[in-house]
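Participant: Input file: run19.pdb. Contents: PDB, C-alpha atoms.
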ATOM      1  CA  MET A   3     136.638   1.919 118.131
ATOM      2  CA  LYS A   4     139.856   3.590 117.021
ATOM      3  CA  ILE A   5     140.865   0.526 114.985
ATOM      4  CA  GLN A   6     137.466   0.551 113.296
ATOM      5  CA  GLU A   7     137.836   4.261 112.420
ATOM      6  CA  VAL A   8     141.271   3.656 110.927
ATOM      7  CA  THR A   9     139.953   0.708 108.907
ATOM      8  CA  ASN A  10     137.002   2.734 107.634
ATOM      9  CA  GLY A  11     139.366   5.573 106.724
ATOM     10  CA  HIS A  12     141.600   3.264 104.701
ATOM     11  CA  THR A  13     138.577   1.702 102.994
ATOM     12  CA  THR A  14     137.292   5.139 102.005
ATOM     13  CA  LYS A  15     140.691   6.190 100.678
ATOM     14  CA  ILE A  16     141.022   2.983  98.654
ATOM     15  CA  SER A  17     137.593   3.543  97.103
ATOM     16  CA  LEU A  18     138.290   7.201  96.317
ATOM     17  CA  THR A  19     141.687   6.496  94.761
ATOM     18  CA  ALA A  20     140.201   3.762  92.566
ATOM     19  CA  ILE A  21     137.400   6.026  91.332
ATOM     20  CA  SER A  22     139.757   8.961  90.730
ATOM     21  CA  ALA A  23     142.211   6.710  88.889
ATOM     22  CA  MET A  24     139.491   5.336  86.603
ATOM     23  CA  VAL A  25     138.406   8.877  85.715
ATOM     24  CA  ALA A  26     141.990   9.958  85.021
ATOM     25  CA  GLU A  27     142.822   6.805  83.056
ATOM     26  CA  THR A  28     139.771   7.113  80.810
ATOM     27  CA  ALA A  29     140.438  10.797  80.144
ATOM     28  CA  THR A  30     144.092  10.320  79.165
ATOM     29  CA  PHE A  31     144.191   6.783  77.741
ATOM     30  CA  PRO A  32     144.501   7.831  74.049
ATOM     31  CA  ILE A  33     147.770   9.598  74.906
ATOM     32  CA  ASP A  34     149.054   6.427  76.567
ATOM     33  CA  LEU A  35     148.170   4.434  73.452
ATOM     34  CA  ILE A  36     150.140   6.845  71.253
ATOM     35  CA  LYS A  37     153.115   6.728  73.639
ATOM     36  CA  THR A  38     153.160   2.924  73.658
ATOM     37  CA  ARG A  39     152.958   2.667  69.869
ATOM     38  CA  LEU A  40     155.788   5.187  69.490
ATOM     39  CA  GLN A  41     157.976   3.139  71.832
ATOM     40  CA  LEU A  42     157.123  -0.241  70.310
ATOM     41  CA  HIS A  43     157.168   0.413  66.609
ATOM     42  CA  GLY A  44     159.403   3.436  66.163
ATOM     43  CA  GLU A  45     156.867   5.749  64.509
ATOM     44  CA  SER A  46     158.389   9.214  64.423
ATOM     45  CA  SER A  47     155.249  11.341  64.303
ATOM     46  CA  ALA A  48     152.490  11.265  66.906
ATOM     47  CA  VAL A  49     150.222  13.284  64.588
ATOM     48  CA  ARG A  50     150.649  10.777  61.759
ATOM     49  CA  LEU A  51     150.005   7.920  64.161
ATOM     50  CA  VAL A  52     146.767   9.466  65.444
ATOM     51  CA  SER A  53     145.595  10.037  61.872
ATOM     52  CA  GLU A  54     146.321   6.392  61.026
ATOM     53  CA  ILE A  55     144.385   5.102  64.034
ATOM     54  CA  LEU A  56     141.382   7.341  63.344
ATOM     55  CA  ARG A  57     141.372   6.396  59.666
ATOM     56  CA  ASN A  58     141.560   2.640  60.281
ATOM     57  CA  ASP A  59     139.743   2.131  63.585
ATOM     58  CA  GLY A  60     137.814   5.316  64.272
ATOM     59  CA  VAL A  61     137.623   7.062  67.640
ATOM     60  CA  PHE A  62     137.216   3.777  69.525
ATOM     61  CA  GLY A  63     140.626   2.707  68.198
ATOM     62  CA  LEU A  64     142.149   5.244  70.593
ATOM     63  CA  TYR A  65     140.743   3.231  73.515
ATOM     64  CA  LYS A  66     142.092  -0.185  72.539
ATOM     65  CA  GLY A  67     143.259  -1.808  75.768
ATOM     66  CA  LEU A  68     141.315   0.478  78.122
ATOM     67  CA  SER A  69     139.641  -2.353  80.056
ATOM     68  CA  PRO A  70     142.894  -3.980  81.307
ATOM     69  CA  ALA A  71     144.195  -0.499  82.102
ATOM     70  CA  ILE A  72     141.155   0.109  84.308
ATOM     71  CA  ILE A  73     141.616  -3.300  85.955
ATOM     72  CA  ARG A  74     145.256  -2.447  86.618
ATOM     73  CA  HIS A  75     144.402   0.818  88.326
ATOM     74  CA  LEU A  76     141.865  -0.847  90.590
ATOM     75  CA  PHE A  77     144.910  -2.419  92.265
ATOM     76  CA  TYR A  78     147.900  -0.249  91.381
ATOM     77  CA  THR A  79     146.761   3.235  92.346
ATOM     78  CA  PRO A  80     145.007   2.476  95.675
ATOM     79  CA  ILE A  81     147.970   0.400  96.873
ATOM     80  CA  ARG A  82     150.612   3.008  96.065
ATOM     81  CA  ILE A  83     148.679   6.098  97.150
ATOM     82  CA  VAL A  84     147.245   4.743 100.408
ATOM     83  CA  ASN A  85     150.489   2.976 101.317
ATOM     84  CA  TYR A  86     152.532   6.138 100.663
ATOM     85  CA  GLU A  87     150.264   8.251 102.856
ATOM     86  CA  PHE A  88     150.329   5.623 105.607
ATOM     87  CA  LEU A  89     154.134   5.375 105.615
ATOM     88  CA  ARG A  90     154.553   9.153 105.390
ATOM     89  CA  ASN A  91     152.239   9.708 108.341
ATOM     90  CA  LEU A  92     154.263   7.231 110.412
ATOM     91  CA  LEU A  93     157.171   9.655 110.077
ATOM     92  CA  VAL A  94     155.076  12.668 111.080
ATOM     93  CA  ARG A  95     154.536  13.384 114.763
ATOM     94  CA  ASP A  96     152.187  16.027 116.191
ATOM     95  CA  ASP A  97     151.462  17.563 112.766
ATOM     96  CA  ASP A  98     155.133  18.276 112.257
ATOM     97  CA  CYS A  99     155.321  18.246 108.460
ATOM     98  CA  SER A 100     159.091  17.921 108.362
ATOM     99  CA  VAL A 101     159.468  14.717 106.360
ATOM    100  CA  SER A 102     162.460  15.216 104.075
ATOM    101  CA  LEU A 103     162.223  14.989 100.292
ATOM    102  CA  SER A 104     164.593  12.017 100.293
ATOM    103  CA  SER A 105     162.371  10.151 102.774
ATOM    104  CA  LYS A 106     159.307  10.905 100.657
ATOM    105  CA  ALA A 107     161.144   9.719  97.554
ATOM    106  CA  THR A 108     162.088   6.464  99.262
ATOM    107  CA  ILE A 109     158.617   5.614 100.551
ATOM    108  CA  GLY A 110     157.124   6.729  97.248
ATOM    109  CA  GLY A 111     159.399   4.370  95.332
ATOM    110  CA  LEU A 112     158.745   1.455  97.687
ATOM    111  CA  SER A 113     154.980   2.004  97.517
ATOM    112  CA  GLY A 114     155.178   1.960  93.735
ATOM    113  CA  VAL A 115     157.168  -1.273  93.718
ATOM    114  CA  ILE A 116     154.625  -3.095  95.901
ATOM    115  CA  ALA A 117     151.721  -1.849  93.802
ATOM    116  CA  GLN A 118     153.368  -2.732  90.498
ATOM    117  CA  VAL A 119     154.154  -6.312  91.493
ATOM    118  CA  VAL A 120     150.459  -6.836  92.222
ATOM    119  CA  ALA A 121     149.235  -5.061  89.066
ATOM    120  CA  SER A 122     151.868  -6.332  86.595
ATOM    121  CA  PRO A 123     149.626  -8.963  84.889
ATOM    122  CA  ALA A 124     147.031  -6.332  83.956
ATOM    123  CA  ASP A 125     149.813  -4.050  82.725
ATOM    124  CA  LEU A 126     151.128  -6.843  80.498
ATOM    125  CA  VAL A 127     147.699  -7.408  78.940
ATOM    126  CA  LYS A 128     147.222  -3.672  78.402
ATOM    127  CA  VAL A 129     150.515  -3.307  76.509
ATOM    128  CA  ARG A 130     149.846  -6.322  74.302
ATOM    129  CA  MET A 131     146.318  -5.220  73.447
ATOM    130  CA  GLN A 132     147.619  -1.769  72.542
ATOM    131  CA  ALA A 133     150.207  -3.388  70.268
ATOM    132  CA  ASP A 134     147.449  -5.538  68.729
ATOM    133  CA  SER A 135     145.612  -2.450  67.531
ATOM    134  CA  ARG A 136     148.405  -1.835  65.011
ATOM    135  CA  MET A 137     148.214  -5.428  63.759
ATOM    136  CA  ALA A 138     144.492  -5.055  63.136
ATOM    137  CA  SER A 139     145.038  -1.829  61.173
ATOM    138  CA  GLN A 140     147.474  -3.697  58.909
ATOM    139  CA  GLY A 141     144.959  -6.430  58.157
ATOM    140  CA  LEU A 142     146.605  -8.964  60.475
ATOM    141  CA  GLN A 143     144.790 -11.149  62.980
ATOM    142  CA  PRO A 144     145.099  -9.689  66.506
ATOM    143  CA  ARG A 145     146.492 -12.031  69.122
ATOM    144  CA  TYR A 146     143.681 -11.392  71.586
ATOM    145  CA  CYS A 147     139.982 -10.537  71.304
ATOM    146  CA  GLY A 148     139.675  -9.114  74.820
ATOM    147  CA  PRO A 149     141.392  -8.834  78.210
ATOM    148  CA  PHE A 150     140.097 -12.146  79.566
ATOM    149  CA  ASP A 151     141.051 -13.913  76.335
ATOM    150  CA  ALA A 152     144.507 -12.390  76.694
ATOM    151  CA  PHE A 153     144.840 -13.630  80.289
ATOM    152  CA  ASN A 154     143.772 -17.148  79.252
ATOM    153  CA  LYS A 155     146.077 -17.356  76.241
ATOM    154  CA  ILE A 156     149.081 -16.022  78.116
ATOM    155  CA  ILE A 157     148.600 -18.550  80.929
ATOM    156  CA  ARG A 158     148.046 -21.383  78.442
ATOM    157  CA  THR A 159     151.035 -20.630  76.196
ATOM    158  CA  GLU A 160     153.507 -19.015  78.604
ATOM    159  CA  GLY A 161     152.447 -20.386  81.959
ATOM    160  CA  PHE A 162     151.189 -18.570  85.033
ATOM    161  CA  ARG A 163     154.591 -16.937  85.454
ATOM    162  CA  GLY A 164     154.154 -15.460  81.985
ATOM    163  CA  LEU A 165     151.745 -12.930  83.471
ATOM    164  CA  TRP A 166     154.718 -11.392  85.261
ATOM    165  CA  LYS A 167     156.904 -11.184  82.158
ATOM    166  CA  GLY A 168     158.823  -7.923  82.258
ATOM    167  CA  VAL A 169     158.135  -7.494  85.969
ATOM    168  CA  LEU A 170     161.723  -6.381  86.677
ATOM    169  CA  PRO A 171     161.721  -3.399  84.282
ATOM    170  CA  ASN A 172     158.132  -2.812  85.412
ATOM    171  CA  VAL A 173     159.233  -2.570  89.026
ATOM    172  CA  GLN A 174     162.208  -0.379  88.097
ATOM    173  CA  ARG A 175     159.908   2.004  86.277
ATOM    174  CA  ALA A 176     157.354   1.981  89.101
ATOM    175  CA  PHE A 177     160.048   2.893  91.635
ATOM    176  CA  LEU A 178     161.238   5.829  89.515
ATOM    177  CA  VAL A 179     157.749   7.042  88.585
ATOM    178  CA  ASN A 180     156.452   7.037  92.136
ATOM    179  CA  MET A 181     159.683   8.417  93.545
ATOM    180  CA  GLY A 182     159.227  11.404  91.238
ATOM    181  CA  GLU A 183     155.443  11.610  91.209
ATOM    182  CA  LEU A 184     154.387  11.102  94.827
ATOM    183  CA  ALA A 185     157.356  12.764  96.506
ATOM    184  CA  CYS A 186     157.358  15.717  94.121
ATOM    185  CA  TYR A 187     153.598  16.264  94.296
ATOM    186  CA  ASP A 188     153.592  16.042  98.070
ATOM    187  CA  HIS A 189     156.617  18.296  98.488
ATOM    188  CA  ALA A 190     155.611  20.770  95.794
ATOM    189  CA  LYS A 191     152.089  21.185  97.175
ATOM    190  CA  ARG A 192     153.389  21.964 100.657
ATOM    191  CA  PHE A 193     155.946  24.392  99.197
ATOM    192  CA  VAL A 194     153.245  26.203  97.195
ATOM    193  CA  ILE A 195     150.965  26.424 100.251
ATOM    194  CA  ASN A 196     153.673  27.356 102.782
ATOM    195  CA  LYS A 197     155.048  30.107 100.503
ATOM    196  CA  ASN A 198     151.515  31.488 100.063
ATOM    197  CA  ILE A 199     151.686  31.012  96.305
ATOM    198  CA  ALA A 200     148.243  29.416  96.490
ATOM    199  CA  ASN A 201     145.915  27.947  99.073
ATOM    200  CA  ASP A 202     145.180  24.225  99.286
ATOM    201  CA  ASN A 203     142.955  24.308  96.209
ATOM    202  CA  ILE A 204     142.885  23.483  92.506
ATOM    203  CA  TYR A 205     145.646  25.993  91.739
ATOM    204  CA  ALA A 206     148.073  24.385  94.174
ATOM    205  CA  HIS A 207     147.092  20.934  92.917
ATOM    206  CA  THR A 208     147.614  21.962  89.286
ATOM    207  CA  LEU A 209     151.071  23.473  89.883
ATOM    208  CA  SER A 210     152.121  20.455  91.930
ATOM    209  CA  SER A 211     150.901  17.965  89.343
ATOM    210  CA  ILE A 212     152.813  19.730  86.542
ATOM    211  CA  MET A 213     156.064  19.659  88.502
ATOM    212  CA  SER A 214     155.620  16.054  89.589
ATOM    213  CA  GLY A 215     154.747  15.016  86.022
ATOM    214  CA  LEU A 216     157.983  16.459  84.661
ATOM    215  CA  ALA A 217     160.060  14.829  87.405
ATOM    216  CA  ALA A 218     158.397  11.447  86.979
ATOM    217  CA  THR A 219     158.727  11.490  83.179
ATOM    218  CA  THR A 220     162.408  12.417  83.184
ATOM    219  CA  LEU A 221     163.263   9.686  85.667
ATOM    220  CA  SER A 222     161.069   6.938  84.277
ATOM    221  CA  CYS A 223     161.091   7.268  80.489
ATOM    222  CA  PRO A 224     164.141   5.004  79.871
ATOM    223  CA  ALA A 225     162.723   2.296  82.139
ATOM    224  CA  ASP A 226     159.335   2.734  80.462
ATOM    225  CA  VAL A 227     160.791   2.064  77.014
ATOM    226  CA  ILE A 228     162.586  -1.066  78.230
ATOM    227  CA  LYS A 229     159.521  -2.249  80.152
ATOM    228  CA  THR A 230     157.228  -1.838  77.149
ATOM    229  CA  ARG A 231     159.520  -3.747  74.787
ATOM    230  CA  MET A 232     160.129  -6.549  77.278
ATOM    231  CA  MET A 233     156.437  -7.004  77.961
ATOM    232  CA  ASN A 234     155.381  -6.955  74.313
ATOM    233  CA  GLN A 235     157.841  -9.559  73.035
ATOM    234  CA  ALA A 236     156.586 -13.084  72.483
ATOM    235  CA  ALA A 237     158.576 -16.260  71.831
ATOM    236  CA  ASP A 238     159.230 -17.250  68.208
ATOM    237  CA  LYS A 239     158.639 -20.769  66.846
ATOM    238  CA  GLN A 240     161.907 -21.951  68.400
ATOM    239  CA  GLY A 241     160.927 -20.553  71.779
ATOM    240  CA  ASN A 242     163.510 -17.770  71.664
ATOM    241  CA  TYR A 243     163.018 -14.162  72.671
ATOM    242  CA  LYS A 244     164.510 -11.036  71.108
ATOM    243  CA  TYR A 245     165.679  -9.781  74.502
ATOM    244  CA  ARG A 246     167.041 -12.097  77.208
ATOM    245  CA  ASN A 247     166.485  -9.596  80.039
ATOM    246  CA  SER A 248     166.114  -5.882  80.676
ATOM    247  CA  CYS A 249     169.873  -5.274  80.505
ATOM    248  CA  ASP A 250     170.057  -7.017  77.123
ATOM    249  CA  CYS A 251     167.108  -4.923  75.924
ATOM    250  CA  LEU A 252     168.831  -1.751  77.123
ATOM    251  CA  VAL A 253     172.097  -2.593  75.353
ATOM    252  CA  LYS A 254     170.430  -3.584  72.072
ATOM    253  CA  THR A 255     168.161  -0.548  72.058
ATOM    254  CA  VAL A 256     171.053   1.883  72.561
ATOM    255  CA  ARG A 257     173.281   0.021  70.084
ATOM    256  CA  VAL A 258     170.701  -0.066  67.311
ATOM    257  CA  GLU A 259     168.757   3.166  67.867
ATOM    258  CA  GLY A 260     171.096   5.341  69.927
ATOM    259  CA  LEU A 261     170.861   6.802  73.428
ATOM    260  CA  LYS A 262     167.995   9.105  72.453
ATOM    261  CA  ALA A 263     165.793   6.041  71.930
ATOM    262  CA  LEU A 264     165.566   5.664  75.720
ATOM    263  CA  TRP A 265     163.524   8.867  75.811
ATOM    264  CA  LYS A 266     161.409   7.947  72.818
ATOM    265  CA  GLY A 267     157.875   9.009  73.545
ATOM    266  CA  PHE A 268     159.026  11.543  76.195
ATOM    267  CA  PHE A 269     156.555  14.260  75.224
ATOM    268  CA  PRO A 270     153.577  11.905  74.845
ATOM    269  CA  THR A 271     154.554  10.424  78.219
ATOM    270  CA  TRP A 272     154.693  13.836  79.869
ATOM    271  CA  ALA A 273     151.589  14.951  77.979
ATOM    272  CA  ARG A 274     149.797  12.003  79.572
ATOM    273  CA  LEU A 275     151.323  12.182  83.049
ATOM    274  CA  GLY A 276     150.554  15.890  83.360
ATOM    275  CA  PRO A 277     146.822  15.659  82.530
ATOM    276  CA  TRP A 278     146.547  12.284  84.301
ATOM    277  CA  GLN A 279     147.908  13.712  87.510
ATOM    278  CA  PHE A 280     145.850  16.860  87.157
ATOM    279  CA  VAL A 281     142.614  14.900  86.735
ATOM    280  CA  PHE A 282     143.549  12.363  89.404
ATOM    281  CA  TRP A 283     144.771  14.721  92.109
ATOM    282  CA  VAL A 284     142.054  17.327  91.620
ATOM    283  CA  SER A 285     139.399  14.581  91.679
ATOM    284  CA  TYR A 286     140.957  12.753  94.606
ATOM    285  CA  GLU A 287     141.423  15.869  96.721
ATOM    286  CA  LYS A 288     137.833  16.936  95.995
ATOM    287  CA  PHE A 289     136.467  13.485  96.814
ATOM    288  CA  ARG A 290     138.425  13.495 100.078
ATOM    289  CA  GLN A 291     136.932  16.865 100.962
ATOM    290  CA  ILE A 292     133.411  15.609 100.232
ATOM    291  CA  ALA A 293     134.059  12.473 102.313
ATOM    292  CA  GLY A 294     135.247  14.587 105.254
ATOM    293  CA  LEU A 295     138.896  13.521 104.994
ATOM    294  CA  SER A 296     141.852  15.844 105.336
ATOM    295  CA  SER A 297     143.901  16.918 102.323
ATOM    296  CA  PHE A 298     146.460  14.408 101.036
TER
END
Could you show the structure in this file as structure tokens?
Facilitator:
Amino acid sequence: MKIQEVTNGHTTKISLTAISAMVAETATFPIDLIKTRLQLHGESSAVRLVSEILRNDGVFGLYKGLSPAIIRHLFYTPIRIVNYEFLRNLLVRDDDCSVSLSSKATIGGLSGVIAQVVASPADLVKVRMQADSRMASQGLQPRYCGPFDAFNKIIRTEGFRGLWKGVLPNVQRAFLVNMGELACYDHAKRFVINKNIANDNIYAHTLSSIMSGLAATTLSCPADVIKTRMMNQAADKQGNYKYRNSCDCLVKTVRVEGLKALWKGFFPTWARLGPWQFVFWVSYEKFRQIAGLSSF
């Protein structure tokens, strides 16, 4: 009976995290598109980029690549969130909420790594479809006509392993993002509640999401830039790639564009992580309350 209750609890949490993630992803996806285009193509103005997309593709151009992003979050977010809570609760005995920030950071990073390895193929397709939107606006033929076409072409031309291209920088970024995001949100929320700054409600969730968004962005932005460039590159006619590995990409990026290039797209990244976390955590906490589950 107890095993069945635990299983049902995990199933409910997985469902709620997936739904909350889809809501958050849809609400903030245009910001992610702008961030990716800034990192890939070096545009200096987000405002100019938005104007170009709206002029050439209309409002729907801001959602190019949404479907693989949704697919990704059906795996990525439930795995990392549920796994983090499970591992954290293993360290808590008799409601003693004394798990250290370093322990939370560690299990948050590990949960992110596991989730990202599983979701990396969908992430790859999302990045390439976002990059394709710029090709279409320039009158060029996009590489892919949809997410399933992208999966098929990548497997056919680059092999099954091609779906995990850029998985190393992906995993590095996932570790840093979740180390900052999950640990900071968890720790910040308990600090806000324990210091009577706010009760366990939308105010505490909002403050916690802002702090965790800043921490996650600062830690992950360099890895995000490298990950995006590694995943978007395709072999030339001779079968060569611009970057041999993530270290080569890091060196060439700094050499050509300077150290500041590693934080290119910082504000769009934070502008997305902040609202994304706000929408996700507020939705998720509310859904948990409705489902009769305790707060995260």
Participant: Given the file shown, determine the residues that the PyMOL selection byres ((chain A and resi 171) around 12) selects; report them as a compact mmCIF listing (two decimals) with C-alpha atoms, in the coordinates of the input.
Facilitator:
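Output contents, as saved in out38.txt:
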# COMPACT_ATOMS: atom_id res chain seq x y z
CA VAL A 115 157.17 -1.27 93.72
CA GLN A 118 153.37 -2.73 90.50
CA VAL A 119 154.15 -6.31 91.49
CA SER A 122 151.87 -6.33 86.60
CA LEU A 126 151.13 -6.84 80.50
CA TRP A 166 154.72 -11.39 85.26
CA LYS A 167 156.90 -11.18 82.16
CA GLY A 168 158.82 -7.92 82.26
CA VAL A 169 158.14 -7.49 85.97
CA LEU A 170 161.72 -6.38 86.68
CA ASN A 172 158.13 -2.81 85.41
CA VAL A 173 159.23 -2.57 89.03
CA GLN A 174 162.21 -0.38 88.10
CA ARG A 175 159.91 2.00 86.28
CA ALA A 176 157.35 1.98 89.10
CA PHE A 177 160.05 2.89 91.64
CA LEU A 178 161.24 5.83 89.52
CA VAL A 179 157.75 7.04 88.58
CA SER A 222 161.07 6.94 84.28
CA CYS A 223 161.09 7.27 80.49
CA PRO A 224 164.14 5.00 79.87
CA ALA A 225 162.72 2.30 82.14
CA ASP A 226 159.34 2.73 80.46
CA VAL A 227 160.79 2.06 77.01
CA ILE A 228 162.59 -1.07 78.23
CA LYS A 229 159.52 -2.25 80.15
CA THR A 230 157.23 -1.84 77.15
CA ARG A 231 159.52 -3.75 74.79
CA MET A 232 160.13 -6.55 77.28
CA MET A 233 156.44 -7.00 77.96
CA ASN A 247 166.48 -9.60 80.04
CA SER A 248 166.11 -5.88 80.68
CA CYS A 249 169.87 -5.27 80.50
CA ASP A 250 170.06 -7.02 77.12
CA CYS A 251 167.11 -4.92 75.92
CA LEU A 252 168.83 -1.75 77.12
Participant: Could you give me, as a compact mmCIF listing (two decimals) with C-alpha atoms, in the coordinates of the input, the residues that sit within 12 Å of (142.6, -14.8, 78.4) in the file's coordinates, counting all atoms listed in the file?
Facilitator:
# COMPACT_ATOMS: atom_id res chain seq x y z
CA PRO A 70 142.89 -3.98 81.31
CA PRO A 123 149.63 -8.96 84.89
CA ALA A 124 147.03 -6.33 83.96
CA LEU A 126 151.13 -6.84 80.50
CA VAL A 127 147.70 -7.41 78.94
CA ARG A 130 149.85 -6.32 74.30
CA MET A 131 146.32 -5.22 73.45
CA ARG A 145 146.49 -12.03 69.12
CA TYR A 146 143.68 -11.39 71.59
CA CYS A 147 139.98 -10.54 71.30
CA GLY A 148 139.68 -9.11 74.82
CA PRO A 149 141.39 -8.83 78.21
CA PHE A 150 140.10 -12.15 79.57
CA ASP A 151 141.05 -13.91 76.33
CA ALA A 152 144.51 -12.39 76.69
CA PHE A 153 144.84 -13.63 80.29
CA ASN A 154 143.77 -17.15 79.25
CA LYS A 155 146.08 -17.36 76.24
CA ILE A 156 149.08 -16.02 78.12
CA ILE A 157 148.60 -18.55 80.93
CA ARG A 158 148.05 -21.38 78.44
CA THR A 159 151.04 -20.63 76.20
CA GLU A 160 153.51 -19.02 78.60
CA GLY A 161 152.45 -20.39 81.96
CA PHE A 162 151.19 -18.57 85.03
CA LEU A 165 151.74 -12.93 83.47
Participant: What's the 10 Å shell around A:Ser47, counting all atoms listed in the file, without same-chain residues fewer than 5 positions away, as a list in words?
Facilitator: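 So the residues in contact are Ile36, Leu40, Val52 and Gly267 of chain A.
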Participant: Which polymer residues have any atom within 9 Å of an atom of A:Asp202, counting all atoms listed in the file, with same-chain residues fewer than 4 positions away left out, as an MDAnalysis selection string?
Facilitator: chainID A and resid 191:192 194:195 206:207 297
Participant: Limited to C-alpha atoms, could you put the picked residues into a file as a CSV table (one decimal), in the coordinates of the input?
Facilitator:
chain,number,residue,atom,x,y,z
A,191,LYS,CA,152.1,21.2,97.2
A,192,ARG,CA,153.4,22.0,100.7
A,194,VAL,CA,153.2,26.2,97.2
A,195,ILE,CA,151.0,26.4,100.3
A,206,ALA,CA,148.1,24.4,94.2
A,207,HIS,CA,147.1,20.9,92.9
A,297,SER,CA,143.9,16.9,102.3
Participant: In Å, rounded to a single decimal, give me how far atom CA of A:Ile73 is from atom CA of A:Lys37.
Facilitator: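 Computed distance, atom CA of A:Lys37 to atom CA of A:Ile73, equals 19.6 Å.
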Participant: Given the choices A:Leu216, A:Asp188, A:Leu35, A:Thr79, which gets closest to A:Phe269 if the distance is worked out from all atoms listed in the file?
Facilitator: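 Of the candidates, the smallest distance to A:Phe269 is held by A:Leu216.
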Participant: Rank A:Leu209, A:Ala185, A:Ala293, A:Ala20 by their smallest atom-to-atom distance to A:Ile81, using all atoms listed in the file, and report the top residue only.
Facilitator: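 Checking each of A:Leu209, A:Ala185, A:Ala293, A:Ala20 against A:Ile81, counting all atoms listed in the file, the winner is A:Ala20.
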Participant: Counting all atoms listed in the file, which residue out of A:Thr255, A:Asn85, A:Ser102, A:Ser69 sits closest to A:Thr19?
Facilitator: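 The shortest atom-to-atom distance to A:Thr19 comes from A:Asn85.
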Participant: Translate the PyMOL selection byres ((chain A and resi 183) around 7) into a concrete residue list for this structure, as a list in words.
Facilitator: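 Applied to this file, the PyMOL selection byres ((chain A and resi 183) around 7) selects Val179, Asn180, Met181, Gly182, Leu184, Ala185, Cys186, Tyr187, Ser214, Gly215, Ala217 and Ala218 of chain A.
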Participant: One decimal, Å: what's the distance from atom CA of A:Lys128 over to atom CA of A:Trp283, could you say?
Facilitator: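 Separating atom CA of A:Lys128 from atom CA of A:Trp283 is a distance of 23.1 Å.
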Participant: Starting from the shown file, work through the PyMOL selection byres ((chain A and resi 288) around 12) and note down what comes out as a list in words.
Facilitator: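 So the PyMOL selection byres ((chain A and resi 288) around 12) ends up selecting Leu18, Thr19, Ile21, Ser22, Asp202, Asn203, Ile204, His207, Phe280, Val281, Phe282, Trp283, Val284, Ser285, Tyr286, Glu287, Phe289, Arg290, Gln291, Ile292, Ala293, Gly294, Leu295, Ser296, Ser297 and Phe298 of chain A.
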Participant: Record the distance separating atom CA of A:Lys15 and atom CA of A:Trp272, expressed in Å with one decimal.
Facilitator: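 Going from atom CA of A:Lys15 over to atom CA of A:Trp272 covers 26.2 Å.
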